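Peer 1: Compact mmCIF, C-alpha atoms, saved as query-v8.txt, coming up:
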```
# COMPACT_ATOMS: atom_id res chain seq x y z
CA MET A 793 -13.26 20.06 -83.93
CA VAL A 794 -15.39 19.47 -80.86
CA LYS A 795 -16.59 15.89 -80.74
CA ARG A 796 -19.97 15.60 -79.16
CA SER A 797 -20.55 11.89 -78.89
CA VAL A 798 -23.56 10.77 -76.88
CA VAL A 799 -22.92 7.33 -75.47
CA GLY A 800 -24.08 5.21 -72.57
CA ALA A 801 -27.79 5.31 -71.80
CA HIS A 802 -26.92 3.46 -68.57
CA TYR A 803 -29.71 0.91 -68.69
CA GLY A 804 -28.13 -1.66 -71.00
CA VAL A 805 -26.93 -4.07 -68.34
CA ARG A 806 -30.07 -3.73 -66.22
CA ASP A 807 -32.35 -4.71 -69.08
CA TRP A 808 -29.99 -7.47 -70.20
CA LEU A 809 -30.01 -8.92 -66.70
CA ILE A 810 -33.77 -8.60 -66.30
CA GLN A 811 -34.28 -10.38 -69.60
CA ARG A 812 -32.16 -13.30 -68.38
CA VAL A 813 -33.77 -13.48 -64.93
CA THR A 814 -37.28 -13.39 -66.39
CA ALA A 815 -36.32 -16.06 -68.94
CA ALA A 816 -34.98 -18.32 -66.18
CA TYR A 817 -38.15 -17.85 -64.12
CA MET A 818 -40.38 -18.59 -67.14
CA ALA A 819 -38.40 -21.77 -67.84
CA LEU A 820 -38.76 -22.91 -64.22
CA TYR A 821 -42.46 -22.10 -64.16
CA THR A 822 -43.02 -23.97 -67.43
CA VAL A 823 -41.45 -27.13 -66.01
CA ALA A 824 -43.38 -26.82 -62.76
CA PHE A 825 -46.60 -26.07 -64.61
CA ALA A 826 -46.12 -29.07 -66.92
CA PHE A 827 -45.49 -31.28 -63.91
CA ALA A 828 -48.52 -29.95 -62.03
CA THR A 829 -50.77 -30.39 -65.08
CA LEU A 830 -49.57 -33.89 -65.93
CA THR A 831 -50.01 -35.09 -62.35
CA LEU A 832 -53.58 -33.82 -62.06
CA PRO A 833 -55.95 -36.61 -61.01
CA ALA A 834 -58.05 -35.94 -64.11
CA LEU A 835 -57.99 -33.41 -66.91
CA SER A 836 -61.32 -31.91 -65.97
CA TYR A 837 -62.59 -28.39 -65.38
CA GLU A 838 -62.79 -29.04 -61.65
CA SER A 839 -59.19 -30.22 -61.27
CA TRP A 840 -57.94 -27.39 -63.52
CA ARG A 841 -59.84 -24.89 -61.38
CA GLY A 842 -58.51 -26.58 -58.26
CA LEU A 843 -54.95 -26.22 -59.52
CA PHE A 844 -55.33 -22.47 -59.97
CA SER A 845 -57.34 -21.79 -56.81
CA GLY A 846 -54.29 -22.16 -54.56
CA ARG A 847 -52.75 -18.86 -53.48
CA GLY A 848 -49.20 -20.07 -54.36
CA MET A 849 -50.18 -21.14 -57.88
CA GLN A 850 -52.00 -17.85 -58.46
CA LEU A 851 -48.99 -15.85 -57.37
CA ALA A 852 -46.53 -17.99 -59.36
CA THR A 853 -48.73 -17.71 -62.46
CA PHE A 854 -49.10 -13.97 -62.08
CA LEU A 855 -45.33 -13.66 -61.69
CA PHE A 856 -44.92 -15.76 -64.84
CA PHE A 857 -47.05 -13.36 -66.85
CA ALA A 858 -45.36 -10.34 -65.28
CA ALA A 859 -41.99 -11.83 -66.29
CA LEU A 860 -43.35 -12.53 -69.77
CA CYS A 861 -44.59 -8.95 -70.15
CA TYR A 862 -41.30 -7.41 -68.97
CA HIS A 863 -39.33 -9.78 -71.22
CA ALA A 864 -41.58 -8.89 -74.13
CA TRP A 865 -41.23 -5.17 -73.39
CA ILE A 866 -37.44 -5.28 -73.71
CA GLY A 867 -37.64 -7.38 -76.87
CA MET A 868 -40.32 -5.21 -78.48
CA ARG A 869 -38.51 -2.01 -77.51
CA ASP A 870 -35.36 -3.31 -79.21
CA ILE A 871 -37.36 -4.16 -82.34
CA TRP A 872 -38.87 -0.66 -82.47
CA MET A 873 -35.40 0.83 -81.89
CA ASP A 874 -34.01 -1.19 -84.79
CA TYR A 875 -36.75 -0.70 -87.34
CA VAL A 876 -38.50 2.59 -86.56
CA LYS A 877 -36.21 5.57 -86.93
CA PRO A 878 -38.55 8.61 -86.62
CA LEU A 879 -38.50 9.41 -82.90
CA GLY A 880 -42.14 10.45 -82.57
CA VAL A 881 -43.45 7.28 -84.21
CA ARG A 882 -41.10 5.18 -82.15
CA LEU A 883 -42.16 6.76 -78.85
CA LEU A 884 -45.80 6.25 -79.84
CA LEU A 885 -45.13 2.58 -80.52
CA HIS A 886 -43.29 2.28 -77.20
CA ALA A 887 -46.28 3.78 -75.40
CA VAL A 888 -48.76 1.50 -77.21
CA THR A 889 -46.59 -1.52 -76.35
CA VAL A 890 -46.43 -0.57 -72.66
CA LEU A 891 -50.17 0.05 -72.50
CA LEU A 892 -50.93 -3.28 -74.19
CA LEU A 893 -48.59 -5.23 -71.91
CA VAL A 894 -49.93 -3.56 -68.75
CA GLY A 895 -53.44 -4.25 -70.03
CA TYR A 896 -52.61 -7.91 -70.58
CA LEU A 897 -51.19 -8.16 -67.08
CA ALA A 898 -54.31 -6.60 -65.58
CA TRP A 899 -56.38 -9.07 -67.60
CA VAL A 900 -54.29 -11.97 -66.23
CA ALA A 901 -54.86 -10.71 -62.67
CA ARG A 902 -58.58 -10.48 -63.32
CA VAL A 903 -58.72 -14.03 -64.71
CA LEU A 904 -56.62 -15.47 -61.89
CA TRP A 905 -58.37 -13.82 -58.96
CA ARG A 906 -61.91 -14.09 -60.26
CA LEU A 907 -61.79 -17.84 -59.71
CA MET B 259 2.18 -27.54 -110.81
CA LYS B 260 0.36 -24.90 -112.82
CA ARG B 261 -3.39 -24.71 -112.46
CA VAL B 262 -6.23 -22.63 -113.81
CA LYS B 263 -8.65 -20.89 -111.46
CA HIS B 264 -12.02 -19.30 -112.19
CA PHE B 265 -13.05 -16.13 -110.42
CA ARG B 266 -16.19 -14.03 -110.23
CA ILE B 267 -15.38 -10.63 -108.79
CA TYR B 268 -17.62 -7.78 -107.66
CA ARG B 269 -16.91 -4.70 -109.74
CA PHE B 270 -18.18 -1.22 -109.13
CA ASN B 271 -16.70 2.08 -110.14
CA PRO B 272 -19.13 4.78 -108.97
CA GLU B 273 -17.76 7.20 -111.57
CA GLN B 274 -18.64 4.89 -114.46
CA ASP B 275 -21.08 2.20 -113.37
CA GLU B 276 -24.72 2.71 -112.61
CA ARG B 277 -24.77 -0.43 -110.49
CA PRO B 278 -22.36 -3.11 -109.32
CA TYR B 279 -21.86 -6.28 -111.35
CA LEU B 280 -19.86 -9.51 -111.17
CA LYS B 281 -17.09 -10.01 -113.69
CA ASP B 282 -15.57 -13.39 -114.58
CA TYR B 283 -11.83 -13.94 -114.71
CA VAL B 284 -9.69 -16.97 -115.52
CA VAL B 285 -6.17 -16.99 -114.23
CA GLU B 286 -3.27 -19.42 -114.47
CA LEU B 287 -1.30 -19.80 -111.28
CA ALA B 288 2.27 -20.99 -111.14
CA GLU B 289 3.59 -23.49 -108.65
CA GLY B 290 4.15 -21.76 -105.33
CA GLU B 291 1.35 -19.29 -105.91
CA GLN B 292 -0.85 -20.61 -103.14
CA LYS B 293 -2.62 -17.65 -101.67
CA LEU B 294 -5.69 -15.87 -102.91
CA LEU B 295 -3.83 -12.56 -102.82
CA GLN B 296 -1.28 -13.90 -105.31
CA ALA B 297 -4.13 -14.84 -107.64
CA LEU B 298 -5.57 -11.33 -107.27
CA VAL B 299 -2.21 -9.84 -108.22
CA ARG B 300 -2.25 -12.05 -111.35
CA ILE B 301 -5.76 -10.86 -112.17
CA LYS B 302 -4.67 -7.26 -111.77
CA GLU B 303 -1.98 -7.94 -114.38
CA GLN B 304 -4.80 -8.89 -116.79
CA ASP B 305 -7.10 -6.06 -115.80
CA ASP B 306 -5.48 -3.18 -114.03
CA SER B 307 -8.81 -1.46 -113.45
CA LEU B 308 -9.55 -3.93 -110.63
CA ALA B 309 -9.09 -2.21 -107.28
CA PHE B 310 -8.30 -3.91 -103.98
CA ARG B 311 -6.23 -3.09 -100.91
CA ARG B 312 -3.16 -5.02 -99.89
CA SER B 313 0.06 -4.35 -98.08
CA CYS B 314 2.01 -6.78 -95.93
CA ARG B 315 0.75 -9.97 -97.66
CA GLU B 316 1.23 -11.98 -94.47
CA GLY B 317 -1.82 -11.39 -92.28
CA VAL B 318 -0.46 -8.52 -90.24
CA CYS B 319 -1.79 -5.34 -91.81
CA GLY B 320 -5.38 -6.46 -92.36
CA SER B 321 -5.72 -4.50 -95.61
CA ASP B 322 -6.93 -7.29 -97.90
CA ALA B 323 -10.02 -8.30 -95.93
CA MET B 324 -12.84 -9.26 -98.30
CA ASN B 325 -15.79 -11.56 -98.65
CA ILE B 326 -14.50 -14.82 -100.11
CA ASN B 327 -17.11 -17.31 -101.31
CA GLY B 328 -19.54 -15.75 -98.86
CA LYS B 329 -17.24 -15.69 -95.84
CA ASN B 330 -15.06 -12.80 -94.70
CA GLY B 331 -11.33 -13.42 -94.61
CA LEU B 332 -7.92 -12.14 -95.58
CA ALA B 333 -6.86 -12.86 -99.17
CA CYS B 334 -3.23 -13.23 -98.13
CA LEU B 335 -3.98 -15.99 -95.62
CA THR B 336 -6.50 -17.91 -97.73
CA ASP B 337 -5.30 -20.94 -99.65
CA VAL B 338 -6.64 -20.52 -103.15
CA ASP B 339 -6.80 -24.30 -103.67
CA SER B 340 -9.11 -24.68 -100.69
CA LEU B 341 -11.83 -22.59 -102.38
CA SER B 342 -14.62 -23.98 -104.53
CA GLU B 343 -14.88 -22.45 -108.02
CA PRO B 344 -15.85 -20.05 -109.33
CA ILE B 345 -14.26 -18.16 -106.46
CA VAL B 346 -16.65 -15.30 -105.73
CA LEU B 347 -15.04 -12.20 -104.25
CA ARG B 348 -17.05 -9.31 -102.89
CA PRO B 349 -16.19 -6.32 -100.71
CA LEU B 350 -16.73 -6.61 -96.94
CA PRO B 351 -20.50 -6.47 -96.36
CA GLY B 352 -22.22 -3.62 -94.58
CA LEU B 353 -19.75 -0.84 -95.40
CA PRO B 354 -20.02 1.67 -98.25
CA VAL B 355 -18.08 0.57 -101.35
CA VAL B 356 -15.47 3.02 -102.56
CA ARG B 357 -14.60 0.95 -105.59
CA ASP B 358 -14.56 -2.79 -106.43
CA LEU B 359 -13.24 -4.62 -103.35
CA ILE B 360 -12.37 -1.43 -101.47
CA VAL B 361 -14.76 -0.31 -98.75
CA ASP B 362 -14.96 2.86 -96.70
CA MET B 363 -13.86 1.77 -93.21
CA THR B 364 -14.89 5.07 -91.58
CA PRO B 365 -17.88 3.65 -89.61
CA PHE B 366 -15.67 0.80 -88.39
CA PHE B 367 -12.89 3.09 -87.18
CA HIS B 368 -15.37 5.56 -85.73
CA GLN B 369 -16.60 2.78 -83.43
CA TYR B 370 -13.05 1.73 -82.66
CA LEU B 371 -12.19 5.28 -81.59
CA SER B 372 -15.33 5.49 -79.46
CA ILE B 373 -13.99 2.90 -77.00
CA MET B 374 -10.93 5.07 -76.26
CA PRO B 375 -8.31 2.64 -77.59
CA TYR B 376 -5.44 3.86 -75.43
CA LEU B 377 -4.27 3.43 -71.85
CA ILE B 378 -5.73 5.90 -69.38
CA ASN B 379 -3.56 6.33 -66.32
CA GLU B 380 -3.54 9.56 -64.38
CA GLU B 381 -0.43 8.79 -62.35
CA PRO B 382 2.76 10.53 -63.50
CA PRO B 383 4.59 8.28 -65.91
CA PRO B 384 7.53 6.47 -64.35
CA GLU B 385 10.99 7.04 -65.71
CA ARG B 386 11.03 3.90 -67.86
CA GLU B 387 7.73 2.06 -68.14
CA ARG B 388 4.68 0.87 -66.26
CA PRO B 389 5.58 -2.70 -65.38
CA GLN B 390 3.18 -5.67 -65.41
CA SER B 391 3.59 -9.07 -63.81
CA PRO B 392 3.66 -12.02 -66.24
CA ALA B 393 0.18 -12.97 -65.02
CA GLU B 394 -1.18 -9.47 -65.69
CA ARG B 395 0.39 -9.52 -69.12
CA GLU B 396 -1.08 -12.94 -69.88
CA VAL B 397 -4.60 -11.58 -69.43
CA LEU B 398 -4.08 -9.58 -72.64
CA ASP B 399 -3.37 -12.68 -74.74
CA GLY B 400 -6.12 -13.18 -77.30
CA LEU B 401 -7.04 -9.48 -77.06
CA TYR B 402 -4.08 -7.45 -78.25
CA GLU B 403 -3.48 -9.45 -81.45
CA CYS B 404 -6.40 -7.86 -83.33
CA ILE B 405 -5.22 -6.31 -86.61
CA LEU B 406 -8.43 -4.31 -87.22
CA CYS B 407 -9.08 -5.91 -90.59
CA GLY B 408 -12.84 -5.58 -90.02
CA CYS B 409 -13.73 -9.18 -90.95
CA CYS B 410 -15.63 -9.70 -87.68
CA SER B 411 -17.61 -6.47 -87.48
CA THR B 412 -18.65 -6.68 -91.13
CA SER B 413 -19.92 -10.24 -90.66
CA CYS B 414 -22.10 -9.16 -87.74
CA PRO B 415 -25.80 -8.48 -88.55
CA SER B 416 -26.06 -6.19 -85.52
CA PHE B 417 -23.27 -4.07 -86.99
CA TRP B 418 -24.85 -4.11 -90.46
CA TRP B 419 -28.06 -2.81 -88.94
CA ASN B 420 -26.66 -0.23 -86.48
CA PRO B 421 -23.11 0.62 -87.61
CA ASP B 422 -23.50 4.09 -86.10
CA LYS B 423 -24.58 2.84 -82.67
CA PHE B 424 -23.35 -0.73 -82.08
CA VAL B 425 -19.61 -0.82 -81.38
CA GLY B 426 -19.19 -4.16 -83.14
CA PRO B 427 -17.01 -7.14 -82.23
CA ALA B 428 -13.64 -5.58 -83.16
CA GLY B 429 -14.31 -2.46 -81.09
CA LEU B 430 -15.63 -4.47 -78.16
CA LEU B 431 -12.62 -6.79 -78.22
CA ALA B 432 -10.42 -3.70 -78.09
CA ALA B 433 -12.59 -2.24 -75.32
CA TYR B 434 -12.03 -5.33 -73.21
CA ARG B 435 -8.32 -5.26 -74.04
CA PHE B 436 -8.10 -1.91 -72.20
CA ILE B 437 -10.58 -2.84 -69.45
CA ALA B 438 -8.50 -5.94 -68.69
CA ASP B 439 -5.19 -4.07 -68.73
CA SER B 440 -3.75 -3.81 -65.20
CA ARG B 441 -2.21 -0.43 -66.05
CA ASP B 442 -5.49 1.19 -67.07
CA GLN B 443 -7.43 3.22 -64.50
CA ALA B 444 -10.58 4.08 -66.44
CA THR B 445 -12.48 0.79 -66.03
CA ASN B 446 -15.59 2.45 -64.63
CA GLU B 447 -15.69 5.10 -67.32
CA ARG B 448 -15.18 2.48 -70.02
CA LEU B 449 -18.01 0.35 -68.64
CA ASP B 450 -20.25 3.43 -68.34
CA ARG B 451 -19.68 4.24 -72.01
CA LEU B 452 -20.72 0.72 -73.02
CA ASN B 453 -23.71 0.40 -70.70
CA ASP B 454 -26.26 1.15 -73.37
CA PRO B 455 -28.85 -0.95 -75.18
CA TYR B 456 -27.02 -0.34 -78.46
CA ARG B 457 -23.29 -0.07 -77.89
CA LEU B 458 -22.67 -3.41 -76.19
CA PHE B 459 -26.02 -5.09 -75.82
CA ARG B 460 -26.86 -5.33 -79.50
CA CYS B 461 -24.55 -8.37 -79.45
CA HIS B 462 -26.84 -11.40 -79.49
CA THR B 463 -23.99 -13.92 -79.33
CA ILE B 464 -24.40 -15.40 -82.81
CA MET B 465 -20.59 -15.67 -83.02
CA ASN B 466 -20.13 -14.86 -86.72
CA CYS B 467 -17.16 -12.81 -85.49
CA VAL B 468 -15.47 -15.86 -83.99
CA ALA B 469 -16.13 -17.91 -87.13
CA VAL B 470 -14.38 -15.44 -89.45
CA CYS B 471 -11.51 -13.95 -87.38
CA PRO B 472 -8.30 -14.58 -89.37
CA LYS B 473 -6.30 -14.33 -86.13
CA GLN B 474 -8.53 -16.89 -84.36
CA LEU B 475 -9.58 -14.38 -81.71
CA ASN B 476 -12.82 -14.59 -79.77
CA PRO B 477 -14.67 -11.26 -79.53
CA THR B 478 -17.77 -13.04 -78.17
CA ALA B 479 -15.81 -14.21 -75.11
CA ALA B 480 -14.50 -10.67 -74.56
CA ILE B 481 -18.04 -9.29 -74.82
CA GLY B 482 -19.12 -11.89 -72.24
CA ARG B 483 -16.37 -10.71 -69.87
CA ILE B 484 -17.52 -7.10 -70.22
CA LYS B 485 -21.08 -8.17 -69.37
CA GLU B 486 -19.81 -10.12 -66.35
CA LEU B 487 -17.94 -7.06 -65.11
CA MET B 488 -21.03 -4.90 -65.52
CA VAL B 489 -23.12 -7.38 -63.55
CA ALA B 490 -20.40 -7.65 -60.88
CA ARG B 491 -20.41 -3.88 -60.60
CA LEU B 492 -24.16 -3.91 -59.94
CA ALA B 493 -23.89 -6.41 -57.10
```
Represent the structure of the file as structure tokens.
Peer 2:
Amino acid sequence: MVKRSVVGAHYGVRDWLIQRVTAAYMALYTVAFAFATLTLPALSYESWRGLFSGRGMQLATFLFFAALCYHAWIGMRDIWMDYVKPLGVRLLLHAVTVLLLVGYLAWVARVLWRL
Amino acid sequence: MKRVKHFRIYRFNPEQDERPYLKDYVVELAEGEQKLLQALVRIKEQDDSLAFRRSCREGVCGSDAMNINGKNGLACLTDVDSLSEPIVLRPLPGLPVVRDLIVDMTPFFHQYLSIMPYLINEEPPPERERPQSPAEREVLDGLYECILCGCCSTSCPSFWWNPDKFVGPAGLLAAYRFIADSRDQATNERLDRLNDPYRLFRCHTIMNCVAVCPKQLNPTAAIGRIKELMVARLA
């Protein structure tokens, strides 16, 4: 009997690593963001706007949402892989998820750099 | 001292029963009858239609793995007096039931075979053996002792959900046993075959496997080592 086993999609470790790196970055950003918010002179629109008008904060925040989207992509993809067996439906859901996440990221960029 | 024990045992004979049911048994155990397997043998004397696997009765063959009061274990190693009553026995979860406490282990062994559970060494075999230093041999401690009873893999939700794609803790422990072996030359190929979102990375480190292993092995640690090697290979 010829055994035709298909194993090793070769992106397991990459995604696993990316999920950990993005999680670590999000944790760091959350601490830094909490610190920056709590040390604002006043919780007003002006100081909030001031916090996000700096180039560094804009970039760090955008990176946070990019990390969140990539992290969410891997998690959502795994959920679709576990629960949706028909390949066509699954690929459609993958595509919708990617489009949504890219859309969210574009929205974040628009919010951040419109200030 | 004689004592009476109450059991509730999963029964299912696909040729007769429409659906599985739990049947109550009361059994008197003599002094010295300490293990759950001995109680099961007594029950089988009462009702010889009850089917379960057993062989060595000392935790070596792994045949009598079952779900004991909700936790997987070997009947031959479980002290019957340590169990709260009624003692509920069910087949290992997540595998097709053949009959009563007997499950079809095919998916489990299919995954075990998929990790190539044998040494791969292309060099011509030496006259006697391939020697290892004591340190190289020590690396295999905690890996080679697995008896393939299936307690770990059948307590793993990732294996319940994807038994055809996720190797499971027993298979991954065995995979690392050969990756770690100084005599094996197929490390890269072995890692390639596990580098997949399902086969290795469906392990989410919940450690049910460690909690139930009757040989006190740690598949989660072995899985962690495999991940470390994969990351090291990337760098």
Peer 1: Counting all atoms listed in the file, which residues sit no farther than 12 Å from the position (-37.3, -2.9, -77.1) in the file's frame? I'd like them as a ChimeraX atom specification.
Peer 2: /A:803-804,807-808,811,861-876,882-883,885-887,889-890 /B:455-456,459-460
Peer 1: May I have the selected residues written with C-alpha atoms, as a PDB file, keeping the file's coordinate frame?
Peer 2:
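To be explicit, this is the file written out as part_15.pdb:
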```
ATOM      1  CA  TYR A 803     -29.710   0.910 -68.690  1.00  0.00           C
ATOM      2  CA  GLY A 804     -28.130  -1.660 -71.000  1.00  0.00           C
ATOM      3  CA  ASP A 807     -32.350  -4.710 -69.080  1.00  0.00           C
ATOM      4  CA  TRP A 808     -29.990  -7.470 -70.200  1.00  0.00           C
ATOM      5  CA  GLN A 811     -34.280 -10.380 -69.600  1.00  0.00           C
ATOM      6  CA  CYS A 861     -44.590  -8.950 -70.150  1.00  0.00           C
ATOM      7  CA  TYR A 862     -41.300  -7.410 -68.970  1.00  0.00           C
ATOM      8  CA  HIS A 863     -39.330  -9.780 -71.220  1.00  0.00           C
ATOM      9  CA  ALA A 864     -41.580  -8.890 -74.130  1.00  0.00           C
ATOM     10  CA  TRP A 865     -41.230  -5.170 -73.390  1.00  0.00           C
ATOM     11  CA  ILE A 866     -37.440  -5.280 -73.710  1.00  0.00           C
ATOM     12  CA  GLY A 867     -37.640  -7.380 -76.870  1.00  0.00           C
ATOM     13  CA  MET A 868     -40.320  -5.210 -78.480  1.00  0.00           C
ATOM     14  CA  ARG A 869     -38.510  -2.010 -77.510  1.00  0.00           C
ATOM     15  CA  ASP A 870     -35.360  -3.310 -79.210  1.00  0.00           C
ATOM     16  CA  ILE A 871     -37.360  -4.160 -82.340  1.00  0.00           C
ATOM     17  CA  TRP A 872     -38.870  -0.660 -82.470  1.00  0.00           C
ATOM     18  CA  MET A 873     -35.400   0.830 -81.890  1.00  0.00           C
ATOM     19  CA  ASP A 874     -34.010  -1.190 -84.790  1.00  0.00           C
ATOM     20  CA  TYR A 875     -36.750  -0.700 -87.340  1.00  0.00           C
ATOM     21  CA  VAL A 876     -38.500   2.590 -86.560  1.00  0.00           C
ATOM     22  CA  ARG A 882     -41.100   5.180 -82.150  1.00  0.00           C
ATOM     23  CA  LEU A 883     -42.160   6.760 -78.850  1.00  0.00           C
ATOM     24  CA  LEU A 885     -45.130   2.580 -80.520  1.00  0.00           C
ATOM     25  CA  HIS A 886     -43.290   2.280 -77.200  1.00  0.00           C
ATOM     26  CA  ALA A 887     -46.280   3.780 -75.400  1.00  0.00           C
ATOM     27  CA  THR A 889     -46.590  -1.520 -76.350  1.00  0.00           C
ATOM     28  CA  VAL A 890     -46.430  -0.570 -72.660  1.00  0.00           C
TER      29      VAL A 890
ATOM     30  CA  PRO B 455     -28.850  -0.950 -75.180  1.00  0.00           C
ATOM     31  CA  TYR B 456     -27.020  -0.340 -78.460  1.00  0.00           C
ATOM     32  CA  PHE B 459     -26.020  -5.090 -75.820  1.00  0.00           C
ATOM     33  CA  ARG B 460     -26.860  -5.330 -79.500  1.00  0.00           C
TER      34      ARG B 460
END
```
Peer 1: Give me, as a list in words, the residues of chain B touching chain A, with the criterion being at most 9 Å (counting all atoms listed in the file).
Peer 2: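 My answer is Ser372, Trp419, Asn420, Lys423, Leu449, Asp450, Arg451, Leu452, Asn453, Asp454, Pro455, Tyr456, Arg457, Leu458, Phe459, Arg460, Lys485, Met488, Val489 and Leu492 of chain B.
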Peer 1: For the residues in that selection, give me C-alpha atoms as a PDB file, in the coordinates of the input.
Peer 2:
```
ATOM      1  CA  SER B 372     -15.330   5.490 -79.460  1.00  0.00           C
ATOM      2  CA  TRP B 419     -28.060  -2.810 -88.940  1.00  0.00           C
ATOM      3  CA  ASN B 420     -26.660  -0.230 -86.480  1.00  0.00           C
ATOM      4  CA  LYS B 423     -24.580   2.840 -82.670  1.00  0.00           C
ATOM      5  CA  LEU B 449     -18.010   0.350 -68.640  1.00  0.00           C
ATOM      6  CA  ASP B 450     -20.250   3.430 -68.340  1.00  0.00           C
ATOM      7  CA  ARG B 451     -19.680   4.240 -72.010  1.00  0.00           C
ATOM      8  CA  LEU B 452     -20.720   0.720 -73.020  1.00  0.00           C
ATOM      9  CA  ASN B 453     -23.710   0.400 -70.700  1.00  0.00           C
ATOM     10  CA  ASP B 454     -26.260   1.150 -73.370  1.00  0.00           C
ATOM     11  CA  PRO B 455     -28.850  -0.950 -75.180  1.00  0.00           C
ATOM     12  CA  TYR B 456     -27.020  -0.340 -78.460  1.00  0.00           C
ATOM     13  CA  ARG B 457     -23.290  -0.070 -77.890  1.00  0.00           C
ATOM     14  CA  LEU B 458     -22.670  -3.410 -76.190  1.00  0.00           C
ATOM     15  CA  PHE B 459     -26.020  -5.090 -75.820  1.00  0.00           C
ATOM     16  CA  ARG B 460     -26.860  -5.330 -79.500  1.00  0.00           C
ATOM     17  CA  LYS B 485     -21.080  -8.170 -69.370  1.00  0.00           C
ATOM     18  CA  MET B 488     -21.030  -4.900 -65.520  1.00  0.00           C
ATOM     19  CA  VAL B 489     -23.120  -7.380 -63.550  1.00  0.00           C
ATOM     20  CA  LEU B 492     -24.160  -3.910 -59.940  1.00  0.00           C
TER      21      LEU B 492
END
```
Peer 1: CA of Glu289 (chain B) and CA of Lys260 (chain B) are how many Å apart?
Peer 2: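 Going from CA of Glu289 (chain B) over to CA of Lys260 (chain B), I get 5.5 Å.
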Peer 1: Between CA of Asn330 (chain B) and CA of Val262 (chain B), what distance in Å does the model show, to one decimal?
Peer 2: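 These atoms are spaced 23.2 Å apart.
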Peer 1: Mind checking which residues fall within 10 Å of Leu820 (chain A), counting only C-alpha atoms, ignoring those fewer than 6 positions away in the same chain, and posting them as a PyMOL selection string?
Peer 2: chain A and resi 814+826+856
Peer 1: If you keep C-alpha atoms, can you produce a file of those selected residues as a short mmCIF file (atom, residue, chain, number, x, y, z; two decimals), in the frame of the given file?
Peer 2:
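again-v3.cif written:
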```
data_model
loop_
_atom_site.label_atom_id
_atom_site.label_comp_id
_atom_site.auth_asym_id
_atom_site.auth_seq_id
_atom_site.Cartn_x
_atom_site.Cartn_y
_atom_site.Cartn_z
CA THR A 814 -37.28 -13.39 -66.39
CA ALA A 826 -46.12 -29.07 -66.92
CA PHE A 856 -44.92 -15.76 -64.84
#
```
Peer 1: Quick one: residues within 7 Å of Leu294 (chain B), only C-alpha atoms, excluding same-chain residues fewer than 4 positions away - as a list in words?
Peer 2: Leu298, Ala333, Cys334, Thr336, Asp337 and Val338 of chain B
Peer 1: Please write the residues from the selection above to a file, keeping C-alpha atoms, as a PDB file, in the frame of the given file.
Peer 2:
```
ATOM      1  CA  LEU B 298      -5.570 -11.330-107.270  1.00  0.00           C
ATOM      2  CA  ALA B 333      -6.860 -12.860 -99.170  1.00  0.00           C
ATOM      3  CA  CYS B 334      -3.230 -13.230 -98.130  1.00  0.00           C
ATOM      4  CA  THR B 336      -6.500 -17.910 -97.730  1.00  0.00           C
ATOM      5  CA  ASP B 337      -5.300 -20.940 -99.650  1.00  0.00           C
ATOM      6  CA  VAL B 338      -6.640 -20.520-103.150  1.00  0.00           C
TER       7      VAL B 338
END
```
Peer 1: Excluding Lys473 (chain B) and residues on its chain fewer than 3 positions from it, collect all residues at most 10 Å away from it, counting all atoms listed in the file, and give them as JSON, numbers by chain.
Peer 2: {"B": [317, 318, 331, 332, 335, 400, 403, 404, 405, 407, 468, 470, 476]}
Peer 1: Quick one: distance from CA of Leu353 (chain B) to CA of Thr412 (chain B) in Å, one decimal?
Peer 2: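 Atom-to-atom, CA of Leu353 (chain B) and CA of Thr412 (chain B) are spaced 7.3 Å apart.
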Peer 1: Box in all listed atoms of region 812-823 of chain A, axis-aligned, with 5 Å more on each side; write out centre and edge lengths in Å to one decimal as AutoDock Vina command-line options.
Peer 2:
```
--center_x -37.6 --center_y -20.2 --center_z -66.5 --size_x 20.9 --size_y 23.8 --size_z 14.8
```
Peer 1: Can you list, as a PDB file with C-alpha atoms, in the coordinates of the input, every protein, DNA or RNA residue that comes within 12 Å of Trp840 (chain A) when you count all atoms listed in the file, leaving out same-chain residues fewer than 2 positions away?
Peer 2:
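Final output, result-v5.pdb:
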```pdb
ATOM      1  CA  PHE A 825     -46.600 -26.070 -64.610  1.00  0.00           C
ATOM      2  CA  ALA A 828     -48.520 -29.950 -62.030  1.00  0.00           C
ATOM      3  CA  THR A 829     -50.770 -30.390 -65.080  1.00  0.00           C
ATOM      4  CA  LEU A 830     -49.570 -33.890 -65.930  1.00  0.00           C
ATOM      5  CA  THR A 831     -50.010 -35.090 -62.350  1.00  0.00           C
ATOM      6  CA  LEU A 832     -53.580 -33.820 -62.060  1.00  0.00           C
ATOM      7  CA  PRO A 833     -55.950 -36.610 -61.010  1.00  0.00           C
ATOM      8  CA  ALA A 834     -58.050 -35.940 -64.110  1.00  0.00           C
ATOM      9  CA  LEU A 835     -57.990 -33.410 -66.910  1.00  0.00           C
ATOM     10  CA  SER A 836     -61.320 -31.910 -65.970  1.00  0.00           C
ATOM     11  CA  TYR A 837     -62.590 -28.390 -65.380  1.00  0.00           C
ATOM     12  CA  GLU A 838     -62.790 -29.040 -61.650  1.00  0.00           C
ATOM     13  CA  GLY A 842     -58.510 -26.580 -58.260  1.00  0.00           C
ATOM     14  CA  LEU A 843     -54.950 -26.220 -59.520  1.00  0.00           C
ATOM     15  CA  PHE A 844     -55.330 -22.470 -59.970  1.00  0.00           C
ATOM     16  CA  SER A 845     -57.340 -21.790 -56.810  1.00  0.00           C
ATOM     17  CA  GLY A 846     -54.290 -22.160 -54.560  1.00  0.00           C
ATOM     18  CA  MET A 849     -50.180 -21.140 -57.880  1.00  0.00           C
ATOM     19  CA  LEU A 907     -61.790 -17.840 -59.710  1.00  0.00           C
TER      20      LEU A 907
END
```
